[in-house]
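Here is start35.cif, consisting of mmCIF, C-alpha atoms:
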```cif
data_entry
#
loop_
_atom_site.label_atom_id
_atom_site.label_comp_id
_atom_site.auth_asym_id
_atom_site.auth_seq_id
_atom_site.Cartn_x
_atom_site.Cartn_y
_atom_site.Cartn_z
CA MET R 405 -42.82 -27.41 -65.42
CA ARG R 406 -42.20 -27.31 -61.67
CA GLN R 407 -38.84 -25.61 -62.12
CA TRP R 408 -40.44 -22.76 -64.05
CA LEU R 409 -43.12 -22.41 -61.40
CA ALA R 410 -40.29 -22.06 -58.87
CA VAL R 411 -38.75 -19.31 -61.01
CA ALA R 412 -42.14 -17.60 -61.15
CA ALA R 413 -42.43 -17.82 -57.35
CA VAL R 414 -39.10 -16.01 -56.94
CA ALA R 415 -40.12 -13.41 -59.54
CA LEU R 416 -43.38 -12.80 -57.67
CA GLY R 417 -41.34 -12.39 -54.49
CA THR R 418 -39.14 -9.72 -56.04
CA PHE R 419 -42.24 -8.04 -57.47
CA ALA R 420 -43.90 -7.94 -54.04
CA LEU R 421 -40.75 -6.64 -52.38
CA VAL R 422 -40.03 -3.84 -54.80
CA THR R 423 -43.71 -2.89 -54.88
CA SER R 424 -43.61 -2.67 -51.07
CA GLU R 425 -40.51 -0.50 -51.22
CA PHE R 426 -41.89 1.99 -53.74
CA ILE R 427 -45.56 2.08 -52.83
CA PRO R 428 -45.35 5.12 -50.50
CA VAL R 429 -44.43 7.40 -53.44
CA GLY R 430 -48.03 7.76 -54.56
CA LEU R 431 -49.30 7.91 -50.96
CA LEU R 432 -46.96 10.42 -49.28
CA THR R 433 -49.47 13.29 -49.33
CA ARG R 434 -52.19 11.17 -47.69
CA MET R 435 -49.81 9.61 -45.17
CA SER R 436 -48.38 13.02 -44.28
CA ALA R 437 -51.86 14.37 -43.57
CA ASP R 438 -52.82 11.31 -41.51
CA PHE R 439 -49.66 11.34 -39.38
CA GLY R 440 -49.57 15.12 -39.11
CA SER R 441 -45.98 15.30 -40.41
CA PRO R 442 -44.44 17.39 -43.22
CA GLU R 443 -44.02 15.69 -46.60
CA GLY R 444 -40.23 15.86 -46.35
CA ALA R 445 -40.29 13.96 -43.04
CA THR R 446 -42.81 11.45 -44.37
CA GLY R 447 -40.37 10.87 -47.23
CA LEU R 448 -38.32 8.89 -44.68
CA MET R 449 -40.73 6.08 -45.55
CA MET R 450 -38.59 5.74 -48.67
CA THR R 451 -35.20 6.59 -47.14
CA VAL R 452 -35.21 4.31 -44.09
CA PRO R 453 -35.74 0.96 -45.87
CA ALA R 454 -33.09 1.85 -48.42
CA PHE R 455 -30.48 2.45 -45.71
CA ALA R 456 -31.46 -0.82 -44.04
CA ALA R 457 -31.25 -2.69 -47.34
CA ALA R 458 -27.80 -1.25 -48.07
CA ILE R 459 -26.52 -2.80 -44.84
CA ALA R 460 -28.55 -6.01 -45.08
CA ALA R 461 -27.49 -7.07 -48.60
CA PRO R 462 -23.81 -7.77 -47.86
CA ALA R 463 -24.48 -8.69 -44.21
CA ILE R 464 -26.95 -11.44 -45.12
CA MET R 465 -24.73 -12.78 -47.91
CA LEU R 466 -21.76 -12.91 -45.52
CA GLY R 467 -23.79 -14.44 -42.70
CA ALA R 468 -25.58 -17.00 -44.85
CA GLY R 469 -22.48 -19.14 -45.32
CA ARG R 470 -23.50 -22.37 -47.01
CA ALA R 471 -27.11 -22.25 -45.76
CA ASP R 472 -29.89 -23.33 -48.10
CA ARG R 473 -30.95 -20.19 -49.98
CA ARG R 474 -34.49 -21.58 -50.15
CA LEU R 475 -34.93 -21.23 -46.38
CA ILE R 476 -33.51 -17.72 -46.41
CA LEU R 477 -35.86 -16.62 -49.19
CA ILE R 478 -38.86 -18.06 -47.34
CA LEU R 479 -37.94 -16.31 -44.08
CA LEU R 480 -37.47 -13.02 -45.90
CA SER R 481 -40.84 -13.39 -47.63
CA ALA R 482 -42.48 -13.88 -44.23
CA LEU R 483 -40.79 -10.70 -43.05
CA LEU R 484 -42.36 -8.83 -45.97
CA VAL R 485 -45.84 -9.71 -44.72
CA VAL R 486 -45.03 -8.63 -41.16
CA SER R 487 -43.43 -5.33 -42.18
CA ASN R 488 -46.37 -4.25 -44.36
CA LEU R 489 -48.88 -5.10 -41.65
CA ILE R 490 -46.94 -2.99 -39.15
CA VAL R 491 -47.15 0.00 -41.50
CA ALA R 492 -50.82 -0.62 -42.29
CA PHE R 493 -51.79 -0.45 -38.61
CA ALA R 494 -49.20 2.11 -37.48
CA PRO R 495 -50.67 4.80 -35.17
CA ASN R 496 -47.88 7.27 -36.00
CA LEU R 497 -44.91 7.85 -38.28
CA ALA R 498 -42.37 6.34 -35.84
CA VAL R 499 -44.11 2.94 -35.81
CA ALA R 500 -44.50 3.03 -39.58
CA LEU R 501 -40.77 3.69 -39.95
CA PHE R 502 -40.01 0.65 -37.78
CA GLY R 503 -42.00 -1.46 -40.20
CA ARG R 504 -40.05 0.06 -43.07
CA VAL R 505 -36.73 -0.85 -41.39
CA LEU R 506 -37.84 -4.49 -41.39
CA LEU R 507 -38.79 -4.17 -45.04
CA GLY R 508 -35.32 -2.81 -45.80
CA VAL R 509 -33.68 -5.88 -44.27
CA ASP R 510 -35.98 -7.98 -46.42
CA VAL R 511 -35.26 -6.05 -49.63
CA GLY R 512 -31.49 -6.18 -49.23
CA GLY R 513 -31.31 -9.90 -48.56
CA PHE R 514 -34.00 -11.13 -50.94
CA TRP R 515 -32.91 -9.03 -53.89
CA ALA R 516 -29.25 -10.01 -53.53
CA ILE R 517 -30.07 -13.72 -53.33
CA SER R 518 -32.86 -13.82 -55.92
CA SER R 519 -30.66 -12.24 -58.58
CA ILE R 520 -28.27 -15.21 -58.62
CA VAL R 521 -30.42 -18.32 -57.94
CA ALA R 522 -31.71 -18.84 -61.48
CA GLY R 523 -28.80 -21.14 -62.30
CA LYS R 524 -29.76 -23.41 -59.42
CA MET R 525 -33.36 -23.91 -60.55
CA VAL R 526 -33.17 -24.54 -64.31
CA PRO R 527 -30.76 -26.23 -66.76
CA ALA R 528 -27.75 -24.21 -67.89
CA ALA R 529 -29.25 -23.54 -71.31
CA SER R 530 -32.29 -21.86 -69.69
CA VAL R 531 -30.52 -19.69 -67.12
CA GLY R 532 -30.75 -16.57 -69.29
CA ARG R 533 -34.50 -16.85 -69.66
CA ALA R 534 -35.00 -17.63 -65.95
CA SER R 535 -32.88 -14.60 -64.97
CA ALA R 536 -34.91 -12.39 -67.30
CA ILE R 537 -38.14 -13.53 -65.61
CA ILE R 538 -36.76 -12.79 -62.14
CA PHE R 539 -35.46 -9.38 -63.22
CA ALA R 540 -38.84 -8.65 -64.79
CA GLY R 541 -40.32 -9.04 -61.31
CA ILE R 542 -37.87 -6.45 -59.97
CA SER R 543 -38.45 -4.02 -62.83
CA LEU R 544 -42.22 -4.42 -62.79
CA GLY R 545 -42.33 -3.90 -59.05
CA SER R 546 -40.37 -0.67 -59.41
CA VAL R 547 -42.80 0.75 -61.96
CA VAL R 548 -46.08 -0.82 -60.85
CA GLY R 549 -45.79 -0.12 -57.13
CA VAL R 550 -46.53 3.60 -57.39
CA PRO R 551 -49.64 3.44 -59.61
CA ALA R 552 -50.99 0.41 -57.73
CA GLY R 553 -50.61 2.17 -54.41
CA ALA R 554 -52.15 5.36 -55.77
CA LEU R 555 -55.18 3.53 -57.18
CA ILE R 556 -55.86 1.54 -54.01
CA GLY R 557 -55.12 4.57 -51.85
CA SER R 558 -57.57 6.74 -53.79
CA ALA R 559 -60.32 4.15 -53.54
CA PHE R 560 -59.86 2.71 -50.03
CA GLY R 561 -57.23 4.77 -48.20
CA TRP R 562 -53.45 4.44 -47.94
CA ARG R 563 -53.60 1.77 -45.23
CA ALA R 564 -55.52 -0.53 -47.57
CA ALA R 565 -52.62 -0.31 -50.03
CA PHE R 566 -50.20 -1.76 -47.47
CA GLU R 567 -52.75 -4.37 -46.40
CA SER R 568 -53.11 -5.44 -50.03
CA VAL R 569 -49.36 -5.88 -50.46
CA ALA R 570 -49.22 -7.89 -47.23
CA ALA R 571 -52.00 -10.18 -48.50
CA PHE R 572 -50.22 -10.65 -51.82
CA GLY R 573 -47.00 -11.37 -49.97
CA ALA R 574 -48.73 -14.12 -47.98
CA VAL R 575 -49.81 -15.80 -51.22
CA VAL R 576 -46.24 -15.57 -52.55
CA LEU R 577 -44.89 -17.05 -49.30
CA VAL R 578 -47.14 -20.11 -49.63
CA ALA R 579 -46.10 -20.53 -53.28
CA GLN R 580 -42.42 -20.41 -52.39
CA MET R 581 -42.83 -22.92 -49.59
CA ALA R 582 -44.53 -25.30 -52.00
CA LEU R 583 -42.39 -24.81 -55.11
CA LEU R 584 -38.82 -23.81 -54.30
CA PRO R 585 -36.21 -26.62 -54.41
CA ARG R 586 -33.13 -26.70 -52.23
CA LEU R 587 -30.82 -23.88 -53.31
CA LEU R 588 -27.37 -24.70 -51.98
CA PRO R 589 -24.69 -22.10 -52.76
CA SER R 590 -21.76 -22.96 -54.99
CA GLU R 591 -19.41 -20.90 -52.83
CA THR R 592 -19.30 -18.95 -49.57
CA VAL R 593 -19.12 -15.17 -49.90
CA THR R 594 -16.32 -13.66 -47.81
CA LEU R 595 -15.04 -10.16 -47.14
CA ARG R 596 -12.14 -10.93 -49.49
CA HIS R 597 -14.56 -11.48 -52.38
CA LEU R 598 -16.42 -8.26 -51.60
CA ALA R 599 -13.22 -6.22 -51.38
CA ALA R 600 -11.89 -7.69 -54.62
CA LEU R 601 -14.67 -6.04 -56.61
CA PHE R 602 -13.28 -2.61 -55.82
CA ARG R 603 -9.97 -3.56 -57.48
CA ILE R 604 -11.69 -3.85 -60.87
CA PRO R 605 -11.73 -0.44 -62.60
CA ASN R 606 -14.91 -1.08 -64.58
CA ALA R 607 -16.68 -2.43 -61.50
CA ARG R 608 -15.66 0.60 -59.43
CA LEU R 609 -16.97 2.91 -62.13
CA GLY R 610 -20.18 0.89 -62.37
CA LEU R 611 -20.81 1.09 -58.63
CA LEU R 612 -20.22 4.86 -58.60
CA ALA R 613 -22.50 5.31 -61.60
CA CYS R 614 -25.20 3.12 -60.03
CA PHE R 615 -25.08 5.26 -56.89
CA LEU R 616 -25.41 8.51 -58.84
CA ALA R 617 -28.13 7.19 -61.16
CA PHE R 618 -30.36 5.90 -58.37
CA ALA R 619 -29.69 8.91 -56.15
CA GLY R 620 -30.85 11.18 -58.95
CA GLN R 621 -33.84 8.97 -59.73
CA PHE R 622 -35.15 8.80 -56.19
CA ALA R 623 -34.45 12.39 -55.25
CA ALA R 624 -37.02 13.19 -57.94
CA TYR R 625 -39.19 10.05 -58.04
CA THR R 626 -40.09 10.19 -54.35
CA TYR R 627 -41.80 13.54 -54.94
CA MET R 628 -43.11 13.04 -58.46
CA GLY R 629 -46.68 12.62 -57.20
CA ALA R 630 -46.40 15.75 -55.07
CA PHE R 631 -45.07 17.74 -58.07
CA LEU R 632 -47.95 16.64 -60.28
CA GLU R 633 -50.45 17.56 -57.57
CA HIS R 634 -48.99 20.93 -56.55
CA VAL R 635 -47.39 22.25 -59.76
CA SER R 636 -49.25 20.52 -62.60
CA LYS R 637 -52.54 20.79 -60.64
CA MET R 638 -53.63 17.35 -61.79
CA PRO R 639 -56.91 16.06 -60.40
CA ALA R 640 -56.73 12.80 -58.48
CA ALA R 641 -58.34 10.73 -61.25
CA LEU R 642 -55.91 11.96 -63.92
CA LEU R 643 -52.94 11.54 -61.58
CA SER R 644 -53.84 7.92 -60.86
CA SER R 645 -54.24 7.20 -64.57
CA LEU R 646 -50.90 8.84 -65.33
CA LEU R 647 -49.14 6.76 -62.70
CA VAL R 648 -50.60 3.67 -64.35
CA GLY R 649 -49.25 4.97 -67.65
CA TYR R 650 -45.85 5.44 -65.99
CA GLY R 651 -45.96 1.77 -65.00
CA VAL R 652 -46.92 0.63 -68.51
CA ALA R 653 -44.13 2.74 -70.02
CA GLY R 654 -41.73 1.20 -67.50
CA PHE R 655 -42.87 -2.29 -68.46
CA ILE R 656 -42.04 -1.55 -72.08
CA GLY R 657 -38.75 0.05 -71.07
CA ASN R 658 -37.80 -3.07 -69.12
CA PHE R 659 -37.93 -5.30 -72.19
CA VAL R 660 -36.42 -2.73 -74.54
CA GLY R 661 -33.63 -2.14 -72.04
CA GLY R 662 -33.05 -5.88 -71.70
CA ALA R 663 -32.69 -6.31 -75.46
CA LEU R 664 -30.35 -3.33 -75.78
CA THR R 665 -28.25 -4.44 -72.81
CA GLN R 666 -27.52 -7.71 -74.60
CA ARG R 667 -25.95 -5.66 -77.40
CA SER R 668 -24.15 -3.07 -75.28
CA ALA R 669 -24.50 -2.88 -71.50
CA ARG R 670 -22.31 0.23 -71.38
CA GLY R 671 -24.22 2.11 -74.08
CA THR R 672 -27.61 1.14 -72.64
CA PHE R 673 -26.64 2.19 -69.11
CA ALA R 674 -25.29 5.55 -70.31
CA GLY R 675 -28.19 6.26 -72.65
CA THR R 676 -30.83 5.26 -70.12
CA ALA R 677 -29.38 7.48 -67.38
CA ALA R 678 -29.11 10.48 -69.69
CA PHE R 679 -32.61 10.02 -71.12
CA LEU R 680 -34.03 9.70 -67.61
CA GLY R 681 -32.43 12.99 -66.61
CA LEU R 682 -33.69 14.77 -69.72
CA SER R 683 -37.21 13.49 -69.03
CA ILE R 684 -37.11 15.02 -65.55
CA VAL R 685 -35.87 18.31 -67.02
CA ALA R 686 -38.78 18.27 -69.45
CA LEU R 687 -41.20 17.78 -66.57
CA THR R 688 -39.85 20.80 -64.71
CA VAL R 689 -39.90 22.99 -67.85
CA PHE R 690 -43.35 21.99 -69.07
CA GLY R 691 -44.82 20.90 -65.73
CA GLN R 692 -47.52 23.58 -65.60
CA SER R 693 -49.20 22.02 -68.63
CA PRO R 694 -50.87 18.78 -67.50
CA TRP R 695 -50.61 17.16 -70.93
CA LEU R 696 -46.95 18.04 -71.54
CA ALA R 697 -46.21 16.96 -67.97
CA ALA R 698 -47.92 13.65 -68.73
CA ALA R 699 -45.72 13.11 -71.79
CA ALA R 700 -42.60 13.80 -69.71
CA VAL R 701 -43.74 11.36 -67.01
CA LEU R 702 -44.30 8.60 -69.57
CA ALA R 703 -40.81 9.15 -70.98
CA TRP R 704 -39.45 9.07 -67.42
CA GLY R 705 -41.24 5.78 -66.75
CA PHE R 706 -39.80 4.23 -69.93
CA ALA R 707 -36.28 5.27 -68.93
CA PHE R 708 -36.56 4.00 -65.38
CA GLY R 709 -38.02 0.70 -66.55
CA ALA R 710 -34.77 0.08 -68.41
CA LEU R 711 -32.43 1.36 -65.69
CA PRO R 712 -32.29 -1.62 -63.26
CA ILE R 713 -31.58 -4.19 -65.95
CA ALA R 714 -29.05 -1.89 -67.65
CA THR R 715 -27.12 -1.30 -64.43
CA GLN R 716 -27.22 -4.97 -63.45
CA GLY R 717 -26.07 -5.96 -66.95
CA PHE R 718 -23.12 -3.58 -66.76
CA MET R 719 -22.07 -4.92 -63.35
CA THR R 720 -22.49 -8.55 -64.42
CA LYS R 721 -20.18 -8.04 -67.38
CA SER R 722 -17.67 -6.22 -65.18
CA ALA R 723 -17.38 -9.06 -62.64
CA ALA R 724 -18.82 -12.13 -64.31
CA LYS R 725 -17.10 -14.77 -62.16
CA GLU R 726 -18.20 -13.45 -58.76
CA LEU R 727 -21.94 -13.08 -59.18
CA GLU R 728 -22.94 -13.57 -55.51
CA SER R 729 -20.48 -11.02 -54.12
CA ALA R 730 -21.07 -8.65 -57.04
CA SER R 731 -24.82 -8.90 -56.51
CA ALA R 732 -24.53 -8.12 -52.79
CA VAL R 733 -22.33 -5.07 -53.33
CA PHE R 734 -24.42 -3.87 -56.27
CA ILE R 735 -27.64 -4.06 -54.25
CA SER R 736 -25.95 -2.29 -51.33
CA ILE R 737 -24.66 0.59 -53.49
CA LEU R 738 -27.97 0.84 -55.34
CA GLN R 739 -29.88 1.11 -52.07
CA MET R 740 -27.39 3.67 -50.74
CA GLY R 741 -28.11 5.75 -53.82
CA PHE R 742 -31.83 5.25 -53.30
CA ALA R 743 -31.58 6.30 -49.65
CA ALA R 744 -29.29 9.26 -50.31
CA GLY R 745 -31.51 10.50 -53.13
CA ALA R 746 -34.71 10.23 -51.13
CA PHE R 747 -33.08 11.86 -48.09
CA ILE R 748 -31.50 14.74 -50.02
CA GLY R 749 -34.70 15.16 -52.00
CA GLY R 750 -36.72 15.41 -48.80
CA ARG R 751 -34.44 18.08 -47.37
CA ALA R 752 -34.41 19.97 -50.67
CA VAL R 753 -38.20 19.88 -51.05
CA ASP R 754 -38.60 21.44 -47.60
CA THR R 755 -36.01 24.17 -48.31
CA VAL R 756 -35.77 25.04 -52.04
CA GLY R 757 -39.01 23.55 -53.40
CA LEU R 758 -40.13 20.79 -55.73
CA SER R 759 -38.96 22.17 -59.08
CA THR R 760 -35.40 22.92 -57.96
CA THR R 761 -35.15 19.49 -56.37
CA LEU R 762 -36.14 17.80 -59.64
CA VAL R 763 -33.62 19.85 -61.64
CA GLY R 764 -30.80 18.82 -59.30
CA ALA R 765 -31.84 15.19 -59.59
CA ALA R 766 -31.86 15.45 -63.38
CA VAL R 767 -28.32 16.82 -63.39
CA ALA R 768 -27.13 13.79 -61.40
CA SER R 769 -28.74 11.39 -63.90
CA ILE R 770 -27.34 13.15 -66.96
CA ALA R 771 -23.88 13.28 -65.35
CA THR R 772 -24.08 9.53 -64.81
CA GLY R 773 -24.64 8.89 -68.50
CA LEU R 774 -21.71 11.10 -69.46
CA LEU R 775 -19.48 9.39 -66.87
CA ILE R 776 -20.17 5.91 -68.24
CA MET R 777 -19.66 6.96 -71.86
CA ARG R 778 -16.43 8.79 -71.10
CA PHE R 779 -14.72 6.34 -68.75
CA GLY R 780 -16.55 3.02 -69.13
CA ARG R 781 -14.77 0.22 -70.92
CA ALA R 782 -16.29 -1.84 -73.72
CA ASP R 783 -18.52 -4.71 -72.58
CA GLU R 784 -16.09 -7.32 -73.88
CA GLU R 785 -13.22 -6.04 -71.71
CA GLY R 786 -14.29 -7.62 -68.43
CA ALA R 787 -11.62 -10.32 -68.60
CA ASP R 788 -9.02 -8.27 -66.76
CA GLY R 789 -11.36 -7.84 -63.83
CA ASP R 790 -12.10 -11.55 -63.78
CA ALA R 791 -8.40 -12.31 -63.69
CA GLN R 792 -7.95 -10.01 -60.72
CA LEU R 793 -10.71 -11.78 -58.85
CA ASP R 794 -9.20 -15.15 -59.65
CA ALA R 795 -5.87 -13.97 -58.27
CA VAL R 796 -7.49 -12.80 -55.04
CA GLY R 797 -9.38 -16.07 -54.66
#
```

Show me the file's structure as structure tokens.
Amino acid sequence: MRQWLAVAAVALGTFALVTSEFIPVGLLTRMSADFGSPEGATGLMMTVPAFAAAIAAPAIMLGAGRADRRLILILLSALLVVSNLIVAFAPNLAVALFGRVLLGVDVGGFWAISSIVAGKMVPAASVGRASAIIFAGISLGSVVGVPAGALIGSAFGWRAAFESVAAFGAVVLVAQMALLPRLLPSETVTLRHLAALFRIPNARLGLLACFLAFAGQFAAYTYMGAFLEHVSKMPAALLSSLLVGYGVAGFIGNFVGGALTQRSARGTFAGTAAFLGLSIVALTVFGQSPWLAAAAVLAWGFAFGALPIATQGFMTKSAAKELESASAVFISILQMGFAAGAFIGGRAVDTVGLSTTLVGAAVASIATGLLIMRFGRADEEGADGDAQLDAVG
């Protein structure tokens, strides 16, 4: 029983982290007005932590050596509390962005480590189920963070949303301190292991596709709330409810995506990326009708709920014998895509407008699906890549 409580503590940690990372999406308009900054500049609240996470993921894995992963996870969970409190009490955008840099360091390290510790907490026969629980925390955080922030922000103000996440993070920290066992690594990640991933054709394709998919997602997702407010003219109450619906659709998409990934990681990754892009297109075409816009947003939420587990599944099958190094590089590339998408989206919103920005993001997502289907290898063909890694090691 204790080992499953430990798994739950890690899953709650990933949930708190990803919620913290995404929570500004539903609050950008309020934060922009409070700080007196344009919405595109306030969008740096999403871009800055992603850039920090992209650097932190491989850096922490390389620097950790053979240190107990339990201690690292606990320190990173404490950093989550501090970073959210800095944002909650920030007097201006610059201070808030400093807090978001700390969060980015946290996200990169915690996500990279948490994705590979399941095998150290439960028996071998239960690793699959433990991994699914941890990934559910990541996926749920990505789809629940926005509606949760919007609901709390509407009722109590945007600062209360960050205070709430900090309080939840403190509870998770205590749980991890009480429940996590020692988590000694089976190997030390080196630069040689990281570089070896780029010699595997399917892994290279997967990393490029992950970058494009998440860049497209976050170029649009960062400003979804603003689009629904300004173009769809949704009242605050309906917008909050729709964001909750987006989260519920994402929850369903997470489990559907997980089941489909077991059958075909390549097909699920490609289909999810293409469907996500088509959902964004539908929003831009029918966005002036609140009800049709709502249907498009729900489809979008379903697609994005499946995306993280589909991309991770594809990468795991491409480099199955080097999970720690593959996880670090995957998280780094994913966060680079996140940061690039949010940054480009912010510049585009300020220059060409919301609708054009969403169309461009949709094209990137659809192109990702086509890329994987055209050039991706079958899921069972990861052996060649494993052999290359063995040779390097």

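Take atom CA of R:Ala498 and atom CA of R:Asp754: the distance between them is 19.5 Å.
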
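Going from atom CA of R:Arg504 over to atom CA of R:Pro453, you cover 5.2 Å.
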
Applying 10 Å and all atoms listed in the file, which residues near R:Ser731 remain after dropping the ones on its own chain fewer than 6 positions away? List them as a list of chain:residue names.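 The residues that qualify are R:Ala461, R:Pro462, R:Met465, R:Trp515, R:Ala516, R:Ile517, R:Ser518, R:Ser519, R:Ile520, R:Leu598, R:Gln716, R:Met719, R:Thr720, R:Ala723, R:Ile737.
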
Please enumerate the residues selected by the PyMOL selection byres ((chain R and resi 621) around 10) when evaluated against the supplied file, formatted as a list in words. Phe615, Leu616, Ala617, Phe618, Ala619, Gly620, Phe622, Ala623, Ala624, Tyr625, Thr626, Ala677, Leu680, Gly681, Ile684, Trp704, Phe708, Leu711, Gly741, Phe742, Gly745, Ala746, Gly749, Leu762, Ala765, Ala766, Ala768 and Ser769 of chain R

Using all atoms listed in the file, which of R:Leu687, R:Ile713, R:Ala582, R:Leu632 sits nearest R:Val763?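 Under the stated criterion, the closest residue is R:Leu687.
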
Between atom CA of R:Ile770 and atom CA of R:Ala599 lies a distance of 28.6 Å

Just checking: using all atoms listed in the file, which residue out of R:Phe439, R:Phe679, R:Phe659, R:Tyr650 ends up closest to R:Gly549?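 Going through R:Phe439, R:Phe679, R:Phe659, R:Tyr650 one by one, the smallest distance to R:Gly549 is for R:Tyr650.
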
Can you pull out every residue within 10 Å of R:Ile427, counting all atoms listed in the file, but drop anything in the same chain fewer than 6 positions away, and send it as a PyMOL selection string? chain R and resi 421+449-450+545-554+557+562+565-566+569+626

7 Å contact set for R:Ser736, only C-alpha atoms, chain neighbours under 4 positions out, as a list in words: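 The neighbour list is Ala457, Ala458, Ile459, Ala461, Pro462, Ala732 and Met740 of chain R.
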
Write out, as a short mmCIF file (atom, residue, chain, number, x, y, z; two decimals), in the coordinates of the input, the residues just selected, with C-alpha atoms.
```
data_model
loop_
_atom_site.label_atom_id
_atom_site.label_comp_id
_atom_site.auth_asym_id
_atom_site.auth_seq_id
_atom_site.Cartn_x
_atom_site.Cartn_y
_atom_site.Cartn_z
CA ALA R 457 -31.25 -2.69 -47.34
CA ALA R 458 -27.80 -1.25 -48.07
CA ILE R 459 -26.52 -2.80 -44.84
CA ALA R 461 -27.49 -7.07 -48.60
CA PRO R 462 -23.81 -7.77 -47.86
CA ALA R 732 -24.53 -8.12 -52.79
CA MET R 740 -27.39 3.67 -50.74
#
```

Counting all atoms listed in the file, which of R:Val575, R:Val648, R:Ile542, R:Ile556 gets nearest to R:Gly709?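 Among the listed residues, R:Ile542 lies closest to R:Gly709.
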
May I ask which of the residues R:Ile735, R:Ile478, R:Ala771, R:Leu432 is the closest one to R:Ala579, counting only C-alpha atoms?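 Between R:Ile735, R:Ile478, R:Ala771, R:Leu432, the residue approaching R:Ala579 most closely is R:Ile478.
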
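Proximity to R:Gly447 was assessed for R:Phe493, R:Phe718, R:Phe426, R:Phe419 counting all atoms listed in the file; the smallest distance is recorded for R:Phe426.
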
Tell me which of R:Val701, R:Val509, R:Ala564, R:Met581 sits closest to R:Ala463, counting only C-alpha atoms.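 For R:Ala463, the nearest of the candidates is R:Val509.
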
Report as a list in words all protein, DNA and RNA residues lying within 12 Å of R:Leu696, evaluated on only C-alpha atoms, omitting residues in the same chain fewer than 5 positions from it.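 Listed by chain and then number, they are Leu632, Ser636, Met638, Leu646, Ser683, Ile684, Val685, Ala686, Leu687, Thr688, Val689, Phe690, Gly691, Val701, Leu702 and Ala703 of chain R.
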
How would you write as a PyMOL selection string the residues that get within 9 Å of (-47.5, 15.8, -54.0) in the file's frame, counting all atoms listed in the file? chain R and resi 429-433+443+627-635

Under the PyMOL selection byres ((chain R and resi 524) around 12), which residues of this model are included? Write them out as a ChimeraX atom specification. /R:407-408,410-411,472-474,517-523,525-531,534-535,584-590
